[in-house]
$ cat input-v3.cif   # mmCIF, C-alpha atoms
data_work
loop_
_atom_site.group_PDB
_atom_site.id
_atom_site.type_symbol
_atom_site.label_atom_id
_atom_site.label_comp_id
_atom_site.auth_asym_id
_atom_site.auth_seq_id
_atom_site.Cartn_x
_atom_site.Cartn_y
_atom_site.Cartn_z
ATOM 1 C CA MET A 1 0.000 0.000 0.000
ATOM 2 C CA ASN A 2 1.498 3.287 -1.138
ATOM 3 C CA LYS A 3 1.327 6.102 1.333
ATOM 4 C CA THR A 4 1.637 9.611 -0.015
ATOM 5 C CA LYS A 5 3.831 11.846 2.072
ATOM 6 C CA ARG A 6 2.330 15.146 3.050
ATOM 7 C CA PRO A 7 4.424 18.098 1.869
ATOM 8 C CA PHE A 8 6.353 19.978 4.521
ATOM 9 C CA ARG A 9 4.562 23.115 5.658
ATOM 10 C CA PHE A 10 6.598 25.874 7.228
ATOM 11 C CA ARG A 11 4.671 26.910 10.294
ATOM 12 C CA ILE A 12 5.680 28.672 13.486
ATOM 13 C CA GLY A 13 3.542 27.233 16.256
ATOM 14 C CA MET A 14 2.735 28.643 19.674
ATOM 15 C CA ARG A 15 4.976 26.197 21.499
ATOM 16 C CA ASN A 16 7.801 27.203 19.177
ATOM 17 C CA ILE A 17 7.368 30.871 20.094
ATOM 18 C CA LYS A 18 6.977 30.236 23.842
ATOM 19 C CA THR A 19 10.078 28.041 23.938
ATOM 20 C CA ALA A 20 12.135 30.685 22.151
ATOM 21 C CA ILE A 21 10.813 33.444 24.426
ATOM 22 C CA ALA A 22 11.530 31.458 27.598
ATOM 23 C CA ALA A 23 15.099 30.538 26.611
ATOM 24 C CA THR A 24 15.861 34.071 25.412
ATOM 25 C CA LEU A 25 14.475 35.682 28.579
ATOM 26 C CA CYS A 26 16.649 33.389 30.705
ATOM 27 C CA ALA A 27 19.734 34.373 28.726
ATOM 28 C CA ILE A 28 18.840 38.076 28.912
ATOM 29 C CA GLY A 29 18.324 37.882 32.669
ATOM 30 C CA TYR A 30 21.645 36.197 33.316
ATOM 31 C CA LEU A 31 23.637 38.408 30.964
ATOM 32 C CA THR A 32 22.048 41.534 32.416
ATOM 33 C CA ALA A 33 22.866 40.396 35.949
ATOM 34 C CA ASN A 34 26.459 39.777 34.882
ATOM 35 C CA VAL A 35 26.757 43.331 33.560
ATOM 36 C CA ILE A 36 25.058 45.004 36.533
ATOM 37 C CA PHE A 37 26.690 43.016 39.323
ATOM 38 C CA ASP A 38 29.980 42.249 37.546
ATOM 39 C CA THR A 39 29.498 38.487 37.925
ATOM 40 C CA SER A 40 29.846 35.502 35.626
ATOM 41 C CA PHE A 41 26.582 33.601 36.008
ATOM 42 C CA ASP A 42 26.168 30.894 33.374
ATOM 43 C CA PRO A 43 22.688 30.825 31.769
ATOM 44 C CA THR A 44 23.198 27.415 30.144
ATOM 45 C CA PHE A 45 21.148 25.235 32.477
ATOM 46 C CA ALA A 46 18.441 27.850 32.958
ATOM 47 C CA CYS A 47 17.971 27.941 29.177
ATOM 48 C CA ILE A 48 18.000 24.144 29.014
ATOM 49 C CA GLY A 49 15.416 23.981 31.801
ATOM 50 C CA ALA A 50 13.234 26.460 29.942
ATOM 51 C CA ILE A 51 13.469 24.533 26.662
ATOM 52 C CA PHE A 52 12.752 21.162 28.258
ATOM 53 C CA GLY A 53 10.003 22.593 30.450
ATOM 54 C CA THR A 54 7.951 24.393 27.825
ATOM 55 C CA GLY A 55 4.609 22.760 27.059
ATOM 56 C CA SER A 56 1.602 23.567 24.950
ATOM 57 C CA ASP A 57 -0.278 24.901 27.989
ATOM 58 C CA MET A 58 0.134 25.414 31.725
ATOM 59 C CA GLY A 59 -0.666 21.786 32.583
ATOM 60 C CA ASP A 60 1.814 20.472 30.042
ATOM 61 C CA SER A 61 4.472 22.886 31.284
ATOM 62 C CA TRP A 62 3.878 21.800 34.884
ATOM 63 C CA LEU A 63 4.482 18.217 33.782
ATOM 64 C CA ASN A 64 7.528 18.874 31.599
ATOM 65 C CA GLY A 65 9.069 21.418 33.947
ATOM 66 C CA GLY A 66 8.291 19.294 36.986
ATOM 67 C CA ASN A 67 9.982 16.292 35.408
ATOM 68 C CA ARG A 68 13.072 18.332 34.643
ATOM 69 C CA LEU A 69 13.266 20.047 38.036
ATOM 70 C CA PHE A 70 12.419 17.003 40.149
ATOM 71 C CA GLY A 71 14.832 14.822 38.202
ATOM 72 C CA THR A 72 17.589 17.417 38.594
ATOM 73 C CA ILE A 73 17.009 17.666 42.343
ATOM 74 C CA ILE A 74 16.901 13.906 42.936
ATOM 75 C CA GLY A 75 19.793 13.224 40.569
ATOM 76 C CA GLY A 76 21.832 15.995 42.193
ATOM 77 C CA VAL A 77 21.209 14.796 45.746
ATOM 78 C CA ILE A 78 21.932 11.151 44.935
ATOM 79 C CA GLY A 79 24.950 12.144 42.845
ATOM 80 C CA MET A 80 26.419 14.179 45.703
ATOM 81 C CA LEU A 81 25.839 11.320 48.123
ATOM 82 C CA MET A 82 27.383 8.695 45.837
ATOM 83 C CA PHE A 83 30.406 10.846 45.048
ATOM 84 C CA ARG A 84 30.912 11.677 48.721
ATOM 85 C CA LEU A 85 30.993 7.968 49.547
ATOM 86 C CA TYR A 86 33.336 7.351 46.626
ATOM 87 C CA LEU A 87 35.778 9.910 48.050
ATOM 88 C CA PHE A 88 36.356 7.630 51.063
ATOM 89 C CA TRP A 89 37.841 5.107 48.644
ATOM 90 C CA GLN A 90 39.368 7.549 46.185
ATOM 91 C CA PRO A 91 40.129 10.811 48.044
ATOM 92 C CA GLY A 92 41.243 12.628 44.901
ATOM 93 C CA GLY A 93 38.065 11.782 42.996
ATOM 94 C CA GLU A 94 39.954 10.355 40.011
ATOM 95 C CA TRP A 95 38.270 7.825 37.769
ATOM 96 C CA SER A 96 38.715 4.183 38.691
ATOM 97 C CA PHE A 97 36.761 0.962 38.594
ATOM 98 C CA LYS A 98 35.814 1.626 42.208
ATOM 99 C CA ILE A 99 33.237 4.164 41.013
ATOM 100 C CA LEU A 100 31.170 1.576 39.114
ATOM 101 C CA PRO A 101 29.260 0.248 42.172
ATOM 102 C CA PHE A 102 28.329 3.827 43.069
ATOM 103 C CA MET A 103 27.021 4.424 39.557
ATOM 104 C CA PHE A 104 24.956 1.246 39.740
ATOM 105 C CA VAL A 105 23.513 1.995 43.171
ATOM 106 C CA GLY A 106 22.894 5.625 42.215
ATOM 107 C CA VAL A 107 20.834 4.737 39.139
ATOM 108 C CA VAL A 108 18.797 2.169 41.085
ATOM 109 C CA ALA A 109 18.154 4.693 43.871
ATOM 110 C CA LEU A 110 17.188 7.364 41.342
ATOM 111 C CA ILE A 111 14.602 5.171 39.641
ATOM 112 C CA ILE A 112 13.129 4.023 42.956
ATOM 113 C CA ALA A 113 12.914 7.628 44.219
ATOM 114 C CA CYS A 114 11.176 8.854 41.056
ATOM 115 C CA GLN A 115 8.703 5.983 41.200
ATOM 116 C CA PHE A 116 8.060 6.549 44.906
ATOM 117 C CA PHE A 117 7.283 10.232 44.384
ATOM 118 C CA ARG A 118 5.286 9.423 41.224
ATOM 119 C CA TRP A 119 7.597 11.427 38.960
ATOM 120 C CA PRO A 120 8.808 8.766 36.487
ATOM 121 C CA GLY A 121 9.574 11.505 33.969
ATOM 122 C CA GLY A 122 12.373 12.682 36.248
ATOM 123 C CA ILE A 123 14.462 9.549 35.657
ATOM 124 C CA GLN A 124 16.116 10.783 32.432
ATOM 125 C CA PRO A 125 17.137 14.290 33.576
ATOM 126 C CA GLY A 126 18.115 12.881 36.968
ATOM 127 C CA GLY A 127 20.318 10.296 35.309
ATOM 128 C CA VAL A 128 22.053 13.032 33.326
ATOM 129 C CA VAL A 129 22.918 14.994 36.472
ATOM 130 C CA LEU A 130 24.010 11.854 38.321
ATOM 131 C CA SER A 131 26.341 10.845 35.492
ATOM 132 C CA ILE A 132 27.829 14.338 35.199
ATOM 133 C CA ILE A 133 28.587 14.516 38.929
ATOM 134 C CA LEU A 134 30.273 11.105 38.965
ATOM 135 C CA PHE A 135 32.231 11.376 35.729
ATOM 136 C CA ALA A 136 32.476 14.974 34.500
ATOM 137 C CA GLN A 137 32.386 17.083 37.661
ATOM 138 C CA ASN A 138 34.370 14.662 39.799
ATOM 139 C CA ASN A 139 36.214 17.373 41.676
ATOM 140 C CA PRO A 140 36.109 17.111 45.488
ATOM 141 C CA ASP A 141 36.110 20.907 45.746
ATOM 142 C CA THR A 142 33.331 21.749 43.268
ATOM 143 C CA TYR A 143 30.870 18.842 42.992
ATOM 144 C CA ILE A 144 28.556 20.240 45.687
ATOM 145 C CA SER A 145 28.513 23.785 44.297
ATOM 146 C CA TYR A 146 27.942 22.408 40.783
ATOM 147 C CA SER A 147 24.955 20.345 41.935
ATOM 148 C CA VAL A 148 23.378 23.224 43.857
ATOM 149 C CA GLU A 149 23.913 25.682 41.002
ATOM 150 C CA ARG A 150 22.401 23.281 38.479
ATOM 151 C CA ILE A 151 19.308 22.781 40.649
ATOM 152 C CA ILE A 152 18.864 26.546 41.108
ATOM 153 C CA ASN A 153 19.420 27.329 37.419
ATOM 154 C CA THR A 154 16.981 24.624 36.322
ATOM 155 C CA ALA A 155 14.390 25.963 38.759
ATOM 156 C CA ILE A 156 14.798 29.453 37.303
ATOM 157 C CA GLY A 157 14.248 28.136 33.771
ATOM 158 C CA VAL A 158 11.114 26.239 34.820
ATOM 159 C CA ILE A 159 9.730 29.276 36.678
ATOM 160 C CA VAL A 160 10.223 31.440 33.579
ATOM 161 C CA VAL A 161 8.282 28.896 31.506
ATOM 162 C CA LEU A 162 5.397 28.820 33.983
ATOM 163 C CA LEU A 163 5.250 32.634 34.060
ATOM 164 C CA ILE A 164 5.138 32.775 30.262
ATOM 165 C CA ASN A 165 2.301 30.247 30.153
ATOM 166 C CA HIS A 166 0.472 32.245 32.815
ATOM 167 C CA PHE A 167 0.793 35.658 31.168
ATOM 168 C CA PHE A 168 0.614 34.414 27.574
ATOM 169 C CA PRO A 169 -2.208 31.860 27.370
ATOM 170 C CA ARG A 170 -3.194 30.379 24.018
ATOM 171 C CA GLU A 171 -5.719 33.074 23.092
ATOM 172 C CA ARG A 172 -3.389 35.995 23.864
ATOM 173 C CA LEU A 173 -0.432 34.434 22.081
ATOM 174 C CA LEU A 174 -2.566 33.651 19.036
ATOM 175 C CA GLY A 175 -3.613 37.296 18.870
ATOM 176 C CA ILE A 176 0.018 38.421 18.952
ATOM 177 C CA MET A 177 0.967 35.921 16.231
ATOM 178 C CA TYR A 178 -1.911 37.107 14.011
ATOM 179 C CA THR A 179 -0.848 40.723 14.520
ATOM 180 C CA LEU A 180 2.777 39.967 13.604
ATOM 181 C CA HIS A 181 1.629 37.829 10.648
ATOM 182 C CA LEU A 182 3.417 34.794 12.075
ATOM 183 C CA ARG A 183 0.229 32.784 11.663
ATOM 184 C CA LYS A 184 -2.775 33.172 9.401
ATOM 185 C CA ARG A 185 -6.205 33.707 10.852
ATOM 186 C CA PRO A 186 -8.591 30.737 10.492
ATOM 187 C CA GLU A 187 -10.864 32.630 8.108
ATOM 188 C CA ALA A 188 -7.894 33.386 5.839
ATOM 189 C CA GLU A 189 -6.949 29.703 5.750
ATOM 190 C CA GLU A 190 -10.544 28.707 4.908
ATOM 191 C CA GLU A 191 -10.644 31.230 2.053
ATOM 192 C CA LYS A 192 -7.395 29.821 0.673
ATOM 193 C CA LEU A 193 -8.797 26.270 0.793
ATOM 194 C CA GLU A 194 -11.909 27.388 -1.040
ATOM 195 C CA GLU A 195 -9.778 28.997 -3.755
ATOM 196 C CA LEU A 196 -7.792 25.781 -4.145
ATOM 197 C CA LYS A 197 -10.979 23.744 -4.447
ATOM 198 C CA GLU A 198 -12.290 26.072 -7.127
ATOM 199 C CA LEU A 199 -9.065 25.677 -9.085
ATOM 200 C CA GLU A 200 -9.088 21.896 -8.750
ATOM 201 C CA GLU A 201 -12.730 21.412 -9.881
ATOM 202 C CA PRO A 202 -12.192 22.528 -13.538
ATOM 203 C CA GLU A 203 -9.103 20.284 -13.775
ATOM 204 C CA ALA A 204 -11.092 17.305 -12.516
ATOM 205 C CA ALA A 205 -13.881 18.028 -15.007
ATOM 206 C CA GLU A 206 -11.390 18.124 -17.922
ATOM 207 C CA ARG A 207 -10.075 14.688 -16.995
#

$ encode --input "input-v3.cif" --output "C-alpha cells"
Amino acid sequence: MNKTKRPFRFRIGMRNIKTAIAATLCAIGYLTANVIFDTSFDPTFACIGAIFGTGSDMGDSWLNGGNRLFGTIIGGVIGMLMFRLYLFWQPGGEWSFKILPFMFVGVVALIIACQFFRWPGGIQPGGVVLSIILFAQNNPDTYISYSVERIINTAIGVIVVLLINHFFPRERLLGIMYTLHLRKRPEAEEEKLEELKELEEPEAAER
C-alpha cells in the first residue's frame, strides 16, 4: 500500500514561540545580571530547563518542567551522596573501577525515588545529572557547588516557563501571532482552501 507523504509546511507554532521566548528571557536575565553586578553567572542550564520545560499549555508545562526540576534535584542529591561515599575510597576523585558500584547503586536509587514520588519523567534528567557529577564534575572541591547551582538554574528556567504560560495563554499568544503575521487567521486559511478547491474542480472536469 502506497502512502503519499504530506508536503512539509513551514509553520511557526505557539509552542515554538513560547520556547524561544523562555530561553531568550533566561539568557537576557543572566547576561544583564552579569553586567550590573559584575558576575559571571552561566545561563546554560536555565535555558535548558526552559526549553525542556515548555509545554503547549500550563498543565503540560507543569508536567515537563516538573519532570526536569524534580529529576535534577533527585539526581543531584543522589549524585552528591554517591560521590561523597566514593571519596572515602578515592580521596582525589579520580576515575577508577571503584566508582562503578556507586554508579549502579545511584541509578537504582534514582529510579526508585522517582517511582516513589510518582515522577517517572524525572528519571532521564536525573540520570544526566548523576552521570555528570560522577564522571564529568568529579572534583572534590566543586561537585557540591555544581549540583546546587544546576538545581537553582533549572528551577529558574522552569519558573520562567510557567510565568510565560500564565501571562501568555493560548488566546493571547494567538492574537500576537496574528498581529505579527506569524500565523494566518482561520478565516484566511478557509478562504485559501476554497480557492484551491475552485481551481481543482475545472481540472477534474477536464479529466

$ closest_residue --input "input-v3.cif" --among "A:Arg150, A:Lys98, A:Arg11, A:Arg118" --to "Thr72 (chain A)" --atoms "all atoms listed in the file"
A:Arg150

$ closest_residue --input "input-v3.cif" --among "A:Asn67, A:Asn34, A:Gln137, A:Gln124" --to "Glu94 (chain A)" --atoms "only C-alpha atoms"
A:Gln137

$ residues_around --input "input-v3.cif" --residues "Leu130 (chain A)" --least-positions-apart "4" --cutoff "7 Å" --atoms "all atoms listed in the file" --output "list in words"
Gly75, Gly76, Ile78, Gly79, Gly126 and Leu134 of chain A

$ closest_residue --input "input-v3.cif" --among "A:Thr44, A:Gln115, A:Asn139, A:Ser56" --to "Ile156 (chain A)" --atoms "all atoms listed in the file"
A:Thr44

$ closest_residue --input "input-v3.cif" --among "A:Asn138, A:Asn165, A:Ser61, A:Ser147" --to "Pro91 (chain A)" --atoms "all atoms listed in the file"
A:Asn138

$ residues_around --input "input-v3.cif" --residues "Thr24 (chain A)" --least-positions-apart "5" --cutoff "9 Å" --atoms "only C-alpha atoms" --output "ChimeraX atom specification"
/A:19,29,47

$ residues_around --input "input-v3.cif" --residues "His181 (chain A)" --least-positions-apart "6" --cutoff "12 Å" --atoms "only C-alpha atoms" --output "ChimeraX atom specification"
/A:11-12,174-175,188
